[in-house]
file start_37.pdb (PDB, C-alpha atoms, pLDDT in the B column)
MODEL        1
ATOM      1  CA  MET K 906     -24.775  13.035 -29.782  1.00 36.00           C
ATOM      2  CA  THR K 907     -23.299  13.394 -33.214  1.00 42.00           C
ATOM      3  CA  ASN K 908     -24.779  11.184 -35.946  1.00 41.00           C
ATOM      4  CA  GLU K 909     -21.308  10.032 -36.912  1.00 55.00           C
ATOM      5  CA  MET K 910     -20.379   6.732 -35.289  1.00 61.00           C
ATOM      6  CA  ARG K 911     -16.723   6.637 -34.357  1.00 90.00           C
ATOM      7  CA  GLY K 912     -14.440   3.865 -33.130  1.00 96.00           C
ATOM      8  CA  VAL K 913     -14.813   2.262 -29.721  1.00 98.00           C
ATOM      9  CA  ALA K 914     -13.390   3.984 -26.647  1.00 98.00           C
ATOM     10  CA  VAL K 915     -12.140   1.638 -23.919  1.00 98.00           C
ATOM     11  CA  VAL K 916     -12.209   3.308 -20.504  1.00 98.00           C
ATOM     12  CA  SER K 917     -11.080   1.638 -17.293  1.00 98.00           C
ATOM     13  CA  GLY K 918     -12.364   3.154 -14.073  1.00 96.00           C
ATOM     14  CA  GLY K 919     -15.385   4.201 -16.099  1.00 96.00           C
ATOM     15  CA  GLY K 920     -17.816   3.984 -13.202  1.00 95.00           C
ATOM     16  CA  SER K 921     -16.942   7.240 -11.460  1.00 93.00           C
ATOM     17  CA  GLY K 922     -14.843  10.379 -11.348  1.00 94.00           C
ATOM     18  CA  ILE K 923     -12.514  11.246 -14.202  1.00 96.00           C
ATOM     19  CA  GLY K 924     -13.153   7.963 -16.018  1.00 96.00           C
ATOM     20  CA  ARG K 925     -16.920   8.515 -16.028  1.00 96.00           C
ATOM     21  CA  GLU K 926     -16.657  12.114 -17.236  1.00 96.00           C
ATOM     22  CA  ILE K 927     -14.280  11.177 -20.047  1.00 98.00           C
ATOM     23  CA  ALA K 928     -16.460   8.235 -21.077  1.00 98.00           C
ATOM     24  CA  ARG K 929     -19.567  10.421 -21.242  1.00 97.00           C
ATOM     25  CA  ALA K 930     -17.727  13.092 -23.236  1.00 97.00           C
ATOM     26  CA  LEU K 931     -16.550  10.470 -25.716  1.00 97.00           C
ATOM     27  CA  ALA K 932     -20.060   9.029 -26.000  1.00 97.00           C
ATOM     28  CA  ARG K 933     -21.369  12.506 -26.837  1.00 95.00           C
ATOM     29  CA  ARG K 934     -18.680  12.683 -29.500  1.00 95.00           C
ATOM     30  CA  GLY K 935     -20.089   9.515 -31.070  1.00 95.00           C
ATOM     31  CA  HIS K 936     -17.867   6.763 -29.674  1.00 97.00           C
ATOM     32  CA  PRO K 937     -19.377   3.492 -28.467  1.00 97.00           C
ATOM     33  CA  LEU K 938     -17.967   2.650 -25.044  1.00 98.00           C
ATOM     34  CA  ALA K 939     -16.321  -0.399 -23.515  1.00 98.00           C
ATOM     35  CA  LEU K 940     -16.300   0.329 -19.795  1.00 98.00           C
ATOM     36  CA  LEU K 941     -14.111  -1.566 -17.329  1.00 98.00           C
ATOM     37  CA  GLY K 942     -14.419  -1.404 -13.559  1.00 96.00           C
ATOM     38  CA  ARG K 943     -14.902  -3.553 -10.499  1.00 94.00           C
ATOM     39  CA  ARG K 944     -18.590  -2.722  -9.970  1.00 94.00           C
ATOM     40  CA  GLN K 945     -21.179  -3.340 -12.659  1.00 96.00           C
ATOM     41  CA  GLY K 946     -23.819  -0.908 -11.366  1.00 96.00           C
ATOM     42  CA  PRO K 947     -21.760   2.297 -11.706  1.00 96.00           C
ATOM     43  CA  LEU K 948     -20.572   1.221 -15.153  1.00 97.00           C
ATOM     44  CA  GLU K 949     -24.175   0.776 -16.264  1.00 97.00           C
ATOM     45  CA  GLU K 950     -24.985   4.232 -14.906  1.00 97.00           C
ATOM     46  CA  THR K 951     -22.177   5.699 -17.019  1.00 97.00           C
ATOM     47  CA  LEU K 952     -23.363   3.898 -20.139  1.00 97.00           C
ATOM     48  CA  ALA K 953     -26.999   4.858 -19.384  1.00 92.00           C
ATOM     49  CA  GLY K 954     -28.501   3.029 -22.339  1.00 84.00           C
ATOM     50  CA  GLY K 955     -25.898   4.247 -24.805  1.00 91.00           C
ATOM     51  CA  GLU K 956     -24.018   2.152 -27.321  1.00 94.00           C
ATOM     52  CA  GLY K 957     -21.430  -0.065 -25.695  1.00 97.00           C
ATOM     53  CA  LEU K 958     -20.409  -2.834 -23.344  1.00 97.00           C
ATOM     54  CA  VAL K 959     -20.069  -3.017 -19.576  1.00 97.00           C
ATOM     55  CA  LEU K 960     -17.128  -5.263 -18.692  1.00 97.00           C
ATOM     56  CA  PRO K 961     -16.801  -5.729 -14.923  1.00 97.00           C
ATOM     57  CA  CYS K 962     -13.238  -6.686 -14.077  1.00 95.00           C
ATOM     58  CA  ASP K 963     -10.328  -5.765 -11.842  1.00 96.00           C
ATOM     59  CA  VAL K 964      -7.513  -4.194 -13.873  1.00 97.00           C
ATOM     60  CA  ARG K 965      -5.035  -5.980 -11.589  1.00 97.00           C
ATOM     61  CA  ASP K 966      -6.238  -9.346 -12.943  1.00 98.00           C
ATOM     62  CA  ALA K 967      -4.310 -10.083 -16.142  1.00 98.00           C
ATOM     63  CA  GLU K 968      -6.675 -12.799 -17.358  1.00 98.00           C
ATOM     64  CA  ALA K 969      -9.792 -10.725 -16.680  1.00 98.00           C
ATOM     65  CA  VAL K 970      -8.308  -7.795 -18.604  1.00 98.00           C
ATOM     66  CA  ALA K 971      -7.311 -10.066 -21.492  1.00 98.00           C
ATOM     67  CA  THR K 972     -10.841 -11.485 -21.599  1.00 98.00           C
ATOM     68  CA  ALA K 973     -12.319  -7.984 -21.709  1.00 98.00           C
ATOM     69  CA  ALA K 974      -9.946  -7.055 -24.548  1.00 98.00           C
ATOM     70  CA  ARG K 975     -11.062 -10.108 -26.540  1.00 98.00           C
ATOM     71  CA  GLN K 976     -14.698  -9.083 -26.087  1.00 98.00           C
ATOM     72  CA  VAL K 977     -13.889  -5.617 -27.393  1.00 98.00           C
ATOM     73  CA  GLU K 978     -12.073  -7.005 -30.415  1.00 97.00           C
ATOM     74  CA  ARG K 979     -14.840  -9.490 -31.240  1.00 97.00           C
ATOM     75  CA  ARG K 980     -17.425  -6.705 -31.301  1.00 97.00           C
ATOM     76  CA  TRP K 981     -15.542  -3.754 -32.773  1.00 97.00           C
ATOM     77  CA  GLY K 982     -12.076  -4.842 -33.797  1.00 97.00           C
ATOM     78  CA  ALA K 983      -9.207  -2.708 -32.514  1.00 98.00           C
ATOM     79  CA  ALA K 984      -9.845  -0.010 -29.930  1.00 98.00           C
ATOM     80  CA  SER K 985      -9.899   3.503 -31.331  1.00 98.00           C
ATOM     81  CA  LEU K 986      -9.280   5.168 -27.962  1.00 98.00           C
ATOM     82  CA  VAL K 987      -7.953   3.789 -24.683  1.00 98.00           C
ATOM     83  CA  VAL K 988      -8.289   5.710 -21.419  1.00 98.00           C
ATOM     84  CA  PRO K 989      -6.735   3.879 -18.440  1.00 98.00           C
ATOM     85  CA  ALA K 990      -8.455   5.864 -15.672  1.00 96.00           C
ATOM     86  CA  ALA K 991      -8.772   3.274 -12.886  1.00 95.00           C
ATOM     87  CA  GLY K 992      -6.867   4.453  -9.841  1.00 93.00           C
ATOM     88  CA  LEU K 993      -6.477   4.374  -6.076  1.00 92.00           C
ATOM     89  CA  ALA K 994      -4.915   6.740  -3.548  1.00 93.00           C
ATOM     90  CA  ALA K 995      -3.746   6.449   0.048  1.00 92.00           C
ATOM     91  CA  ILE K 996      -2.192   8.865   2.514  1.00 94.00           C
ATOM     92  CA  SER K 997       0.192   7.825   5.257  1.00 95.00           C
ATOM     93  CA  PRO K 998       3.865   8.289   6.112  1.00 96.00           C
ATOM     94  CA  LEU K 999       6.054   5.746   4.397  1.00 97.00           C
ATOM     95  CA  GLU K1000       6.869   3.876   7.602  1.00 97.00           C
ATOM     96  CA  GLU K1001       3.153   3.547   8.368  1.00 97.00           C
ATOM     97  CA  THR K1002       2.254   2.256   4.909  1.00 96.00           C
ATOM     98  CA  SER K1003       1.744  -1.490   4.883  1.00 97.00           C
ATOM     99  CA  PRO K1004       3.407  -3.564   2.152  1.00 97.00           C
ATOM    100  CA  GLU K1005      -0.065  -4.744   1.137  1.00 97.00           C
ATOM    101  CA  ARG K1006      -1.360  -1.193   0.672  1.00 96.00           C
ATOM    102  CA  PHE K1007       1.757  -0.131  -1.222  1.00 97.00           C
ATOM    103  CA  ARG K1008       1.403  -3.127  -3.528  1.00 97.00           C
ATOM    104  CA  GLU K1009      -2.304  -2.432  -4.046  1.00 97.00           C
ATOM    105  CA  LEU K1010      -1.616   1.088  -5.317  1.00 97.00           C
ATOM    106  CA  LEU K1011       1.177  -0.009  -7.647  1.00 98.00           C
ATOM    107  CA  ASP K1012      -0.864  -2.934  -8.930  1.00 98.00           C
ATOM    108  CA  THR K1013      -3.816  -0.674  -9.744  1.00 97.00           C
ATOM    109  CA  ASN K1014      -2.215   2.584 -10.865  1.00 97.00           C
ATOM    110  CA  LEU K1015       0.775   1.150 -12.712  1.00 98.00           C
ATOM    111  CA  THR K1016       0.456  -2.560 -13.423  1.00 98.00           C
ATOM    112  CA  GLY K1017      -3.242  -2.165 -14.250  1.00 98.00           C
ATOM    113  CA  VAL K1018      -2.357   0.292 -17.026  1.00 98.00           C
ATOM    114  CA  PHE K1019       0.362  -2.045 -18.292  1.00 98.00           C
ATOM    115  CA  LEU K1020      -2.051  -4.973 -18.435  1.00 98.00           C
ATOM    116  CA  LEU K1021      -4.753  -3.007 -20.246  1.00 98.00           C
ATOM    117  CA  LEU K1022      -2.375  -1.608 -22.865  1.00 98.00           C
ATOM    118  CA  ARG K1023      -0.624  -4.943 -23.296  1.00 98.00           C
ATOM    119  CA  ALA K1024      -3.983  -6.556 -24.078  1.00 98.00           C
ATOM    120  CA  LEU K1025      -5.224  -3.877 -26.499  1.00 98.00           C
ATOM    121  CA  LEU K1026      -2.100  -2.675 -28.309  1.00 98.00           C
ATOM    122  CA  PRO K1027      -1.554  -5.633 -30.681  1.00 98.00           C
ATOM    123  CA  ALA K1028      -4.869  -5.003 -32.463  1.00 98.00           C
ATOM    124  CA  MET K1029      -4.224  -1.247 -32.520  1.00 98.00           C
ATOM    125  CA  ARG K1030      -0.822  -1.823 -34.101  1.00 98.00           C
ATOM    126  CA  ARG K1031      -2.333  -4.126 -36.711  1.00 97.00           C
ATOM    127  CA  GLN K1032      -4.934  -1.476 -37.479  1.00 96.00           C
ATOM    128  CA  GLY K1033      -2.240   1.194 -37.636  1.00 97.00           C
ATOM    129  CA  SER K1034      -4.229   3.745 -35.648  1.00 96.00           C
ATOM    130  CA  GLY K1035      -5.591   4.577 -32.217  1.00 97.00           C
ATOM    131  CA  TRP K1036      -5.067   6.984 -29.357  1.00 98.00           C
ATOM    132  CA  ILE K1037      -4.071   6.350 -25.744  1.00 98.00           C
ATOM    133  CA  PHE K1038      -4.806   8.816 -22.936  1.00 98.00           C
ATOM    134  CA  PRO K1039      -3.051   7.687 -19.726  1.00 97.00           C
ATOM    135  CA  ILE K1040      -4.186   9.514 -16.581  1.00 96.00           C
ATOM    136  CA  LEU K1041      -1.092  10.514 -14.671  1.00 96.00           C
ATOM    137  CA  SER K1042      -1.026  13.227 -11.993  1.00 95.00           C
ATOM    138  CA  THR K1043       0.857  16.207 -10.655  1.00 93.00           C
ATOM    139  CA  ALA K1044       2.148  13.532  -8.251  1.00 93.00           C
ATOM    140  CA  ALA K1045       4.038  12.045 -11.202  1.00 95.00           C
ATOM    141  CA  GLN K1046       6.271  15.138 -11.179  1.00 94.00           C
ATOM    142  CA  ARG K1047       6.608  16.234  -7.558  1.00 93.00           C
ATOM    143  CA  GLY K1048       6.443  14.620  -4.156  1.00 94.00           C
ATOM    144  CA  PHE K1049       3.833  15.264  -1.475  1.00 93.00           C
ATOM    145  CA  PRO K1050       4.273  14.207   2.163  1.00 95.00           C
ATOM    146  CA  GLY K1051       2.207  11.143   2.980  1.00 94.00           C
ATOM    147  CA  TRP K1052       1.742  10.258  -0.672  1.00 95.00           C
ATOM    148  CA  SER K1053       4.796   8.037  -1.176  1.00 97.00           C
ATOM    149  CA  ALA K1054       2.854   5.027  -2.495  1.00 96.00           C
ATOM    150  CA  TYR K1055       0.729   7.130  -4.817  1.00 95.00           C
ATOM    151  CA  CYS K1056       3.715   9.137  -6.079  1.00 97.00           C
ATOM    152  CA  ALA K1057       5.670   5.934  -6.667  1.00 97.00           C
ATOM    153  CA  SER K1058       2.837   4.518  -8.767  1.00 97.00           C
ATOM    154  CA  LYS K1059       2.456   7.686 -10.841  1.00 97.00           C
ATOM    155  CA  TRP K1060       6.189   8.312 -11.318  1.00 98.00           C
ATOM    156  CA  GLY K1061       6.431   4.703 -12.464  1.00 98.00           C
ATOM    157  CA  LEU K1062       3.568   5.262 -14.877  1.00 98.00           C
ATOM    158  CA  ALA K1063       5.309   8.362 -16.236  1.00 97.00           C
ATOM    159  CA  GLY K1064       8.317   6.176 -17.045  1.00 98.00           C
ATOM    160  CA  LEU K1065       6.136   3.573 -18.729  1.00 98.00           C
ATOM    161  CA  VAL K1066       4.458   6.290 -20.809  1.00 98.00           C
ATOM    162  CA  ALA K1067       7.781   7.842 -21.833  1.00 97.00           C
ATOM    163  CA  ALA K1068       9.119   4.500 -23.045  1.00 98.00           C
ATOM    164  CA  LEU K1069       5.862   3.545 -24.762  1.00 98.00           C
ATOM    165  CA  ARG K1070       5.777   6.843 -26.648  1.00 97.00           C
ATOM    166  CA  GLU K1071       9.125   5.925 -28.200  1.00 97.00           C
ATOM    167  CA  GLU K1072       7.959   2.391 -29.004  1.00 98.00           C
ATOM    168  CA  LEU K1073       4.882   3.740 -30.787  1.00 98.00           C
ATOM    169  CA  ARG K1074       6.714   6.077 -33.138  1.00 96.00           C
ATOM    170  CA  GLY K1075       5.720   5.259 -36.713  1.00 96.00           C
ATOM    171  CA  SER K1076       2.957   2.875 -35.634  1.00 97.00           C
ATOM    172  CA  GLY K1077       0.042   5.244 -36.205  1.00 96.00           C
ATOM    173  CA  VAL K1078      -0.964   4.949 -32.542  1.00 97.00           C
ATOM    174  CA  ARG K1079      -0.900   8.275 -30.708  1.00 97.00           C
ATOM    175  CA  LEU K1080      -0.403   8.946 -27.023  1.00 97.00           C
ATOM    176  CA  THR K1081      -1.434  11.999 -25.011  1.00 98.00           C
ATOM    177  CA  ALA K1082      -0.590  11.957 -21.298  1.00 97.00           C
ATOM    178  CA  LEU K1083      -2.896  13.838 -18.934  1.00 97.00           C
ATOM    179  CA  TYR K1084      -1.423  15.372 -15.778  1.00 96.00           C
ATOM    180  CA  PRO K1085      -4.340  16.631 -13.663  1.00 94.00           C
ATOM    181  CA  GLY K1086      -3.762  18.184 -10.275  1.00 91.00           C
ATOM    182  CA  ALA K1087      -6.255  17.711  -7.444  1.00 89.00           C
ATOM    183  CA  THR K1088      -9.527  16.789  -9.148  1.00 90.00           C
ATOM    184  CA  ALA K1089     -12.927  16.658  -7.448  1.00 86.00           C
ATOM    185  CA  SER K1090     -13.565  12.934  -7.705  1.00 87.00           C
ATOM    186  CA  PRO K1091     -14.538  10.065  -5.365  1.00 85.00           C
ATOM    187  CA  LEU K1092     -10.812   9.291  -4.977  1.00 85.00           C
ATOM    188  CA  TRP K1093     -10.867  11.638  -1.954  1.00 89.00           C
ATOM    189  CA  ASP K1094     -13.804   9.942  -0.192  1.00 87.00           C
ATOM    190  CA  ASP K1095     -11.758   7.642   2.045  1.00 83.00           C
ATOM    191  CA  LEU K1096      -8.648   9.776   2.487  1.00 86.00           C
ATOM    192  CA  PRO K1097      -7.880  11.348   5.863  1.00 88.00           C
ATOM    193  CA  GLY K1098      -7.971  15.118   6.184  1.00 83.00           C
ATOM    194  CA  GLU K1099     -10.283  17.847   4.990  1.00 83.00           C
ATOM    195  CA  TRP K1100     -10.390  18.547   1.268  1.00 85.00           C
ATOM    196  CA  ASN K1101     -12.285  21.425  -0.278  1.00 89.00           C
ATOM    197  CA  ARG K1102     -13.456  19.974  -3.557  1.00 84.00           C
ATOM    198  CA  ALA K1103     -14.813  23.344  -4.632  1.00 88.00           C
ATOM    199  CA  LEU K1104     -11.167  24.395  -5.088  1.00 89.00           C
ATOM    200  CA  MET K1105     -10.302  21.360  -7.203  1.00 91.00           C
ATOM    201  CA  VAL K1106     -10.390  20.795 -10.939  1.00 92.00           C
ATOM    202  CA  PRO K1107     -13.856  19.574 -12.016  1.00 93.00           C
ATOM    203  CA  PRO K1108     -13.625  16.137 -13.701  1.00 93.00           C
ATOM    204  CA  ARG K1109     -15.469  17.564 -16.711  1.00 95.00           C
ATOM    205  CA  GLU K1110     -12.453  19.787 -17.403  1.00 95.00           C
ATOM    206  CA  VAL K1111     -10.194  16.746 -17.691  1.00 96.00           C
ATOM    207  CA  ALA K1112     -12.730  15.279 -20.117  1.00 96.00           C
ATOM    208  CA  ARG K1113     -12.736  18.520 -22.104  1.00 96.00           C
ATOM    209  CA  ALA K1114      -8.943  18.288 -22.378  1.00 96.00           C
ATOM    210  CA  VAL K1115      -9.264  14.856 -23.997  1.00 97.00           C
ATOM    211  CA  VAL K1116     -11.784  16.138 -26.514  1.00 96.00           C
ATOM    212  CA  HIS K1117      -9.556  19.158 -27.220  1.00 95.00           C
ATOM    213  CA  ALA K1118      -6.658  16.866 -28.135  1.00 96.00           C
ATOM    214  CA  LEU K1119      -8.888  14.705 -30.331  1.00 96.00           C
ATOM    215  CA  ASP K1120     -10.313  17.707 -32.161  1.00 95.00           C
ATOM    216  CA  ALA K1121      -6.965  19.393 -32.796  1.00 93.00           C
ATOM    217  CA  ASP K1122      -5.729  19.664 -36.369  1.00 93.00           C
ATOM    218  CA  PRO K1123      -4.614  16.140 -37.427  1.00 89.00           C
ATOM    219  CA  THR K1124      -1.157  17.502 -38.243  1.00 92.00           C
ATOM    220  CA  THR K1125      -0.695  18.430 -34.584  1.00 91.00           C
ATOM    221  CA  LEU K1126       0.004  15.960 -31.777  1.00 86.00           C
ATOM    222  CA  VAL K1127      -0.714  17.074 -28.238  1.00 92.00           C
ATOM    223  CA  GLU K1128       1.703  14.928 -26.227  1.00 95.00           C
ATOM    224  CA  GLU K1129       0.929  16.180 -22.706  1.00 96.00           C
ATOM    225  CA  ILE K1130      -1.835  18.180 -21.060  1.00 95.00           C
ATOM    226  CA  HIS K1131      -1.333  19.677 -17.592  1.00 95.00           C
ATOM    227  CA  LEU K1132      -4.268  20.888 -15.517  1.00 94.00           C
ATOM    228  CA  GLY K1133      -4.414  22.103 -11.941  1.00 92.00           C
ATOM    229  CA  PRO K1134      -6.507  24.060  -9.476  1.00 91.00           C
ATOM    230  CA  ALA K1135      -6.430  27.787 -10.238  1.00 90.00           C
ATOM    231  CA  GLY K1136      -5.163  28.451  -6.709  1.00 84.00           C
ATOM    232  CA  GLY K1137      -2.250  26.029  -6.983  1.00 82.00           C
ATOM    233  CA  ALA K1138      -1.636  22.587  -5.479  1.00 78.00           C
ATOM    234  CA  LEU K1139      -3.868  21.764  -2.520  1.00 70.00           C
TER     235      LEU K1139
ENDMDL
END
call {"tool": "encode", "arguments": {"input": "start_37.pdb", "output": "structure tokens"}}
result
Amino acid sequence: MTNEMRGVAVVSGGGSGIGREIARALARRGHPLALLGRRQGPLEETLAGGEGLVLPCDVRDAEAVATAARQVERRWGAASLVVPAAGLAAISPLEETSPERFRELLDTNLTGVFLLLRALLPAMRRQGSGWIFPILSTAAQRGFPGWSAYCASKWGLAGLVAALREELRGSGVRLTALYPGATASPLWDDLPGEWNRALMVPPREVARAVVHALDADPTTLVEEIHLGPAGGAL
């Protein structure tokens, strides 16, 4: 780890997959971590004795997210980096998707990001700096059969990000949207079908993309990063 201590990185979904890889990459870069997720054990594994806080909470719970944000601010002040990486997926034809399952995906993948940013942005605006890295998806740009709920959540998030980027102009807070294609993460564990994770993007490559944006010349803003399997969409 670098000897330079940087500002705190808040990562939701930090207990596994893309969120864990990004959190670990940011820790190596010198950022203390504030890790949000529903299960404390995996968050502690990500932190692994490093500098930071484990904040078990469900990103769908507005009060729990607000409480976590207050804990971050009490310890470090405004967040330096925010990575909303908590996410769910489901596969089924639209007519076989229950309203409860549809709502669960939107509440996690879209509303959860809204709640996290809503809680953290006021302090970032007051500080006049910070960087947000929303995790979108190829499914925010094209449809896939059986993925209607997931696509709806990610297309909705793309709209939120587009509007927020305009709202942040002149604030000092930057935003870089990540659009990974199929990534070898635990998201696939409970999905029907056979998925060859060896053909997918390794989560570490998504983390490297974040670090690339952070290390770019300060006069350059990387607004979007698109990654995908070398062989095309799975």
call {"tool": "resolve_selection", "arguments": {"input": "start_37.pdb", "expression": "the PyMOL selection byres ((chain K and resi 1103-1105) around 6)", "output": "count of residues only"}}
result
7
call {"tool": "resolve_selection", "arguments": {"input": "start_37.pdb", "expression": "the PyMOL selection byres ((chain K and resi 993-1008) around 6)", "output": "number ranges by chain"}}
result
K: 992, 1009-1012, 1051-1052, 1054-1055
call {"tool": "atom_distance", "arguments": {"input": "start_37.pdb", "atom1": "atom CA of K:Arg979", "atom2": "atom CA of K:Asp963"}}
result
20.3 Å
call {"tool": "resolve_selection", "arguments": {"input": "start_37.pdb", "expression": "the PyMOL selection byres ((chain K and resi 1022) around 10)", "output": "ChimeraX atom specification"}}
result
/K:970-971,974,987-989,1016-1021,1023-1027,1029,1037,1039,1069
call {"tool": "atom_distance", "arguments": {"input": "start_37.pdb", "atom1": "atom CA of K:Ile1130", "atom2": "atom CA of K:Leu1096"}}
result
25.9 Å
call {"tool": "atom_distance", "arguments": {"input": "start_37.pdb", "atom1": "atom CA of K:Arg1047", "atom2": "atom CA of K:Arg1109"}}
result
23.9 Å
call {"tool": "residues_near_point", "arguments": {"input": "start_37.pdb", "point": "(-18.1, 7.3, -28.6)", "cutoff": "12 Å", "atoms": "only C-alpha atoms", "output": "PyMOL selection string"}}
result
chain K and resi 906-916+927-940+952+955-958+984-987+1116+1119
